[in-house]
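Chemist: First the structure, then my questions, so here it is.
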Amino acid sequence: MANVVVVGTQWGDEGKGKIVDLLAEYAELIVRYQGGNNAGHTLVVGGKKFIFHLIPSGILHSGKKCLIGNGVVIDPQVLLEEIDTLKTEGIEVGPENLQVSEKAHIIMPYHQRLDLARERAKGAGAIGTTGRGIGPCYEDKIARHGVRMIDLIDPEALKAKVELNLAEKNFYLEKLLNDQTLKAEEILPPYHAMGARLQTLVANVSVLLDQAHRQGKNILFEGAQGTQLDIDHGTYPFVTSSNPVAGGACTGAGIGPGLLNRVIGIVKAYTTRVGGGPFPTECLDAVGEHLQVQGVEFGATTGRKRRCGWLDAVVLSDAARLNGLSGLVITKLDVLTGLNPLKICTAYELNGTRLNSVPASLRALEKCRPRFEELPGWSEDISQIRRYADLPAAARAYLERITALVGVPIQIISVGPDREQTIMLDNPFKV
């Protein structure tokens with residue numbers, strides 16, 4: 001029996017969806033613990049592409065239970081759309097394979113309206129949110145007047161909270177942001193209907209996890225985004241509104257830290273980020289173009305082109321420390337094929353001083369210059385390789401250098417988008 005947390009180690013988009021899908025084979029329960037539908041997990045199974053924004057990708061495995069924890073903010077329309085899409089693919093979704101925390105907060109139309117209006121008002125200073133209402137929903141949660149899943153399925157409770165919240169939101173929208181106001185009578189009917197559809201899925205996820213643990217079942221926890229987007233530990237304010245780090249699995253699912261056995265960090269073989277914010281190893285040249293094109297670097301949720309650059313071991317070392325990583329998964333190694341030489345950022349230089357961790361000051365980070373180490377590249381197609389020993393010597397040297405820099409062993413290597421394009425060195429669920 002093992003409880004394993006999967007986290008992103010960079011700015012998200014590391015390929016967590018494929019790895020969660022892969023590891024779900026060895027787990028009885030798969031739990032999403034934070035974020036909202038601003039996250040997108042893309043995976044390819046049998047040549048067919050699936051994109052999930054809320055439902056854990058373990059839903060593709062029969063006989064598994066997927067849970068959405070209290071740390072997730074839920075757009076019920078998106079959740080129902082995913083359920084309906086799965087049904088068209090022959091996958092029925094019900095309480096037997098998906099349950100949602102009664103304490104998870106609900107994204108309301110006024111959250112989305114505020115999100116978009118604020119970004120417009122900021123102009124060039126916009127931080128690049130997806131406009132899906134994630135941040136404003138978390139704000140209401142912290143301000144203690146959010147709408148939770150337990151309210152969504154209670155028409156009277158929902159009505160009271162929406163009417164109370166609209167008094168404040170409409171004032172803010174109209175007087176400060178010069179935007180249109182909203183009416184409760186327009187919001188409530190569709191949300192009552194969505195609550196009725198979702199009612200059978202609502203449960204106490206913490207209790208379900210405790211029961212599963214006592215029964216000796218394997219549990220897989222998946223976060224959204226990545227460590228450098230963590231609200232506390234990321235490149236603030238260019239971050240998300242929750243805690244993607246491994247500690248978020250405890251608060252976002254309702255499980256004690258002593259029950260987590262391993263933390264697996266997903267690392268793209270290079271680095272990408274979406275939206276604004278400092279990016280020390282960004283490549284605004286032919287290398288960046290190669291990574292963007294060969295890696296098909298477009299956001300699964302937004303479709304936005306991702307910024308691309310060399311692997312940043314400073315960022316990765318931060319993730320190893322903040323998450324207590326026990327193993328690494330390297331994804332998209334195949335995308336580096338054809339680049340020679342390869343570079344890894346091993347440290348930053350700021351005004352002549354060497355830095356081995358990411359500075360908290362964005363002004364300082366923007367001035368940091370990466371110190372690169374060069375390694376030889378390879379030209380061989382590695383997408384069909386399934387054994388580590390069969391990788392080109394240069395690819396193995398690149399991987400071994402990552403391990404040496406970070407001090408964390410590599411357990412899995414992905415050489416393509418399909419589930420089968422994987423080299424498994426060490427299964428984290430093996431005790």
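Letters A, B, ... mark the chains of the structure tokens in the order given; residue numbers begin at 1 per chain; ligand numbers begin at 1, in order shown.
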Please return as a PyMOL selection string: the residues of region 152-400 of chain A that backbone DSSP assigns to strand (DSSP E or B).

Modeler: chain A and resi 202-203+219-222+262-268+271-273+282+298+305+307-309+311-312+327-331+342-350+353-355+369-375

Chemist: Hey, what's within 9 Å of region 395-401 of chain A if we count only C-alpha atoms and toss same-chain stuff fewer than 3 positions away? As a list in words, please?

Modeler: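 The residues that qualify are Ala269, Ile330, Leu333, Thr337, Leu342, Ile344, Leu375, Pro376, Gly377, Trp378, Tyr388, Ala389, Leu391, Pro392, Ala404, Leu405, Val406, Pro409 and Ile410 of chain A.
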
Chemist: Residues at most 7 Å from Arg306 (chain A), counting only C-alpha atoms, excluding those fewer than 3 positions away in the same chain, as a CSV table (one decimal) with C-alpha atoms, in the first residue's frame?

Modeler:
chain,number,residue,atom,x,y,z
A,272,THR,CA,7.8,26.4,-20.7
A,273,ARG,CA,5.4,28.9,-19.2
A,274,VAL,CA,2.2,30.6,-20.2
A,297,GLU,CA,3.4,23.9,-27.0
A,298,PHE,CA,-0.1,25.3,-26.9
A,299,GLY,CA,-2.2,25.5,-23.7

Chemist: Can you write out as a Markdown table which residues of region 210-314 of chain A fall within 12 Å of region 104-123 of chain A, alongside each residue's closest atom pair and its distance in Å to one decimal, counting only C-alpha atoms and ordering rows by chain and ascending residue number?

Modeler:
| residue | atom | partner | partner_atom | distance |
| --- | --- | --- | --- | --- |
| A:Thr251 | CA | A:Ala104 | CA | 11.7 |
| A:Gly252 | CA | A:Ala104 | CA | 9.0 |
| A:Ala253 | CA | A:Ala104 | CA | 9.6 |
| A:Gly254 | CA | A:Ala104 | CA | 11.3 |

Chemist: Store the residues picked out above in a file with C-alpha atoms, as a PDB file, in the first residue's frame.

Modeler:
ATOM      1  CA  THR A 251      -5.258  20.522   2.880  1.00  0.00           C
ATOM      2  CA  GLY A 252      -6.911  20.118  -0.517  1.00  0.00           C
ATOM      3  CA  ALA A 253      -8.061  16.549  -0.023  1.00  0.00           C
ATOM      4  CA  GLY A 254      -8.382  16.185   3.747  1.00  0.00           C
TER       5      GLY A 254
END

Chemist: Rank A:Ala249, A:Ile385, A:Leu322, A:Ile74 by their smallest atom-to-atom distance to Met424 (chain A), using only C-alpha atoms, and report the top residue only.

Modeler: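 Closest to Met424 (chain A) of all the choices is A:Ile385.
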
Chemist: Which residues, written as a PyMOL selection string, have at least one atom at most 12 Å from Ser62 (chain A), with only C-alpha atoms counted and residues fewer than 4 positions away on the same chain left out?

Modeler: chain A and resi 21+24-25+27-29+57-58+66+90-93+96-98

Chemist: Go ahead and dump the residues you just picked, all heavy atoms, as an mmCIF file, in the first residue's frame.

Modeler:
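Saved as selection00.cif:
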data_model
loop_
_atom_site.group_PDB
_atom_site.id
_atom_site.type_symbol
_atom_site.label_atom_id
_atom_site.label_comp_id
_atom_site.auth_asym_id
_atom_site.auth_seq_id
_atom_site.Cartn_x
_atom_site.Cartn_y
_atom_site.Cartn_z
ATOM 1 N N ASP A 21 -2.356 9.248 -15.639
ATOM 2 C CA ASP A 21 -3.032 8.164 -16.342
ATOM 3 C C ASP A 21 -2.210 6.880 -16.265
ATOM 4 O O ASP A 21 -2.736 5.791 -16.035
ATOM 5 C CB ASP A 21 -3.257 8.572 -17.801
ATOM 6 C CG ASP A 21 -3.753 7.423 -18.657
ATOM 7 O OD1 ASP A 21 -4.887 6.958 -18.419
ATOM 8 O OD2 ASP A 21 -3.011 6.976 -19.555
ATOM 9 N N ALA A 24 -2.224 5.565 -12.647
ATOM 10 C CA ALA A 24 -3.554 5.181 -12.186
ATOM 11 C C ALA A 24 -3.780 3.672 -12.275
ATOM 12 O O ALA A 24 -4.615 3.121 -11.554
ATOM 13 C CB ALA A 24 -4.622 5.912 -12.996
ATOM 14 N N GLU A 25 -3.031 3.024 -13.133
ATOM 15 C CA GLU A 25 -3.140 1.564 -13.247
ATOM 16 C C GLU A 25 -2.828 0.873 -11.928
ATOM 17 O O GLU A 25 -3.356 -0.205 -11.631
ATOM 18 C CB GLU A 25 -2.171 1.075 -14.338
ATOM 19 C CG GLU A 25 -2.147 -0.422 -14.519
ATOM 20 C CD GLU A 25 -1.147 -0.869 -15.569
ATOM 21 O OE1 GLU A 25 -0.697 -0.017 -16.368
ATOM 22 O OE2 GLU A 25 -0.802 -2.070 -15.586
ATOM 23 N N ALA A 27 -3.172 2.375 -8.810
ATOM 24 C CA ALA A 27 -3.896 2.977 -7.692
ATOM 25 C C ALA A 27 -5.367 2.625 -7.756
ATOM 26 O O ALA A 27 -5.933 2.452 -8.844
ATOM 27 C CB ALA A 27 -3.715 4.493 -7.698
ATOM 28 N N GLU A 28 -5.994 2.526 -6.583
ATOM 29 C CA GLU A 28 -7.443 2.297 -6.540
ATOM 30 C C GLU A 28 -8.213 3.613 -6.543
ATOM 31 O O GLU A 28 -9.330 3.681 -7.038
ATOM 32 C CB GLU A 28 -7.825 1.487 -5.298
ATOM 33 C CG GLU A 28 -7.557 -0.008 -5.404
ATOM 34 C CD GLU A 28 -6.152 -0.405 -5.012
ATOM 35 O OE1 GLU A 28 -5.367 0.463 -4.583
ATOM 36 O OE2 GLU A 28 -5.820 -1.598 -5.135
ATOM 37 N N LEU A 29 -7.604 4.685 -5.991
ATOM 38 C CA LEU A 29 -8.235 6.000 -5.948
ATOM 39 C C LEU A 29 -7.297 7.037 -6.548
ATOM 40 O O LEU A 29 -6.081 6.999 -6.301
ATOM 41 C CB LEU A 29 -8.589 6.408 -4.516
ATOM 42 C CG LEU A 29 -9.771 5.691 -3.846
ATOM 43 C CD1 LEU A 29 -9.298 4.402 -3.195
ATOM 44 C CD2 LEU A 29 -10.411 6.593 -2.795
ATOM 45 N N SER A 57 -7.584 12.236 -14.680
ATOM 46 C CA SER A 57 -7.454 11.423 -15.887
ATOM 47 C C SER A 57 -7.549 9.932 -15.605
ATOM 48 O O SER A 57 -7.688 9.128 -16.533
ATOM 49 C CB SER A 57 -6.136 11.742 -16.602
ATOM 50 O OG SER A 57 -5.054 11.776 -15.701
ATOM 51 N N GLY A 58 -7.518 9.548 -14.328
ATOM 52 C CA GLY A 58 -7.722 8.147 -13.983
ATOM 53 C C GLY A 58 -9.104 7.634 -14.335
ATOM 54 O O GLY A 58 -9.363 6.428 -14.281
ATOM 55 N N CYS A 66 -12.382 8.049 -8.825
ATOM 56 C CA CYS A 66 -11.787 9.381 -8.939
ATOM 57 C C CYS A 66 -12.482 10.326 -7.964
ATOM 58 O O CYS A 66 -13.710 10.296 -7.837
ATOM 59 C CB CYS A 66 -11.922 9.907 -10.369
ATOM 60 S SG CYS A 66 -10.886 9.038 -11.555
ATOM 61 N N GLY A 90 -18.286 6.389 -24.460
ATOM 62 C CA GLY A 90 -18.626 5.100 -23.874
ATOM 63 C C GLY A 90 -18.210 4.932 -22.435
ATOM 64 O O GLY A 90 -18.209 3.807 -21.906
ATOM 65 N N ILE A 91 -17.857 6.036 -21.764
ATOM 66 C CA ILE A 91 -17.434 5.978 -20.364
ATOM 67 C C ILE A 91 -18.509 6.616 -19.498
ATOM 68 O O ILE A 91 -18.714 7.833 -19.528
ATOM 69 C CB ILE A 91 -16.090 6.699 -20.154
ATOM 70 C CG1 ILE A 91 -15.009 6.067 -21.039
ATOM 71 C CG2 ILE A 91 -15.676 6.657 -18.684
ATOM 72 C CD1 ILE A 91 -13.710 6.828 -21.060
ATOM 73 N N GLU A 92 -19.237 5.806 -18.760
ATOM 74 C CA GLU A 92 -20.280 6.308 -17.878
ATOM 75 C C GLU A 92 -19.663 6.832 -16.582
ATOM 76 O O GLU A 92 -18.758 6.217 -16.008
ATOM 77 C CB GLU A 92 -21.286 5.197 -17.553
ATOM 78 C CG GLU A 92 -22.113 4.736 -18.753
ATOM 79 C CD GLU A 92 -23.111 5.787 -19.215
ATOM 80 O OE1 GLU A 92 -23.482 6.659 -18.393
ATOM 81 O OE2 GLU A 92 -23.521 5.740 -20.392
ATOM 82 N N VAL A 93 -20.140 7.974 -16.125
ATOM 83 C CA VAL A 93 -19.626 8.594 -14.903
ATOM 84 C C VAL A 93 -20.748 8.678 -13.879
ATOM 85 O O VAL A 93 -21.825 9.212 -14.148
ATOM 86 C CB VAL A 93 -19.073 9.996 -15.188
ATOM 87 C CG1 VAL A 93 -18.601 10.657 -13.892
ATOM 88 C CG2 VAL A 93 -17.917 9.929 -16.189
ATOM 89 N N GLU A 96 -20.022 5.644 -8.505
ATOM 90 C CA GLU A 96 -19.115 4.501 -8.380
ATOM 91 C C GLU A 96 -17.702 4.823 -8.875
ATOM 92 O O GLU A 96 -16.734 4.181 -8.461
ATOM 93 C CB GLU A 96 -19.672 3.289 -9.136
ATOM 94 C CG GLU A 96 -19.769 3.438 -10.651
ATOM 95 C CD GLU A 96 -20.941 4.296 -11.102
ATOM 96 O OE1 GLU A 96 -21.827 4.586 -10.267
ATOM 97 O OE2 GLU A 96 -20.973 4.667 -12.289
ATOM 98 N N ASN A 97 -17.555 5.825 -9.763
ATOM 99 C CA ASN A 97 -16.208 6.142 -10.248
ATOM 100 C C ASN A 97 -15.829 7.620 -10.129
ATOM 101 O O ASN A 97 -14.712 7.995 -10.436
ATOM 102 C CB ASN A 97 -16.009 5.676 -11.695
ATOM 103 C CG ASN A 97 -16.963 6.331 -12.679
ATOM 104 O OD1 ASN A 97 -17.888 7.044 -12.292
ATOM 105 N ND2 ASN A 97 -16.754 6.081 -13.963
ATOM 106 N N LEU A 98 -16.732 8.483 -9.670
ATOM 107 C CA LEU A 98 -16.407 9.884 -9.449
ATOM 108 C C LEU A 98 -17.236 10.447 -8.306
ATOM 109 O O LEU A 98 -18.460 10.326 -8.286
ATOM 110 C CB LEU A 98 -16.675 10.715 -10.709
ATOM 111 C CG LEU A 98 -16.425 12.235 -10.555
ATOM 112 C CD1 LEU A 98 -14.939 12.520 -10.338
ATOM 113 C CD2 LEU A 98 -16.937 13.001 -11.768
#

Chemist: Calculated over only C-alpha atoms, which of the candidates A:Leu79, A:Ile51, A:Ala393, A:Leu339 has the smallest distance to Arg197 (chain A)?

Modeler: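 Nearest to Arg197 (chain A): A:Leu79.
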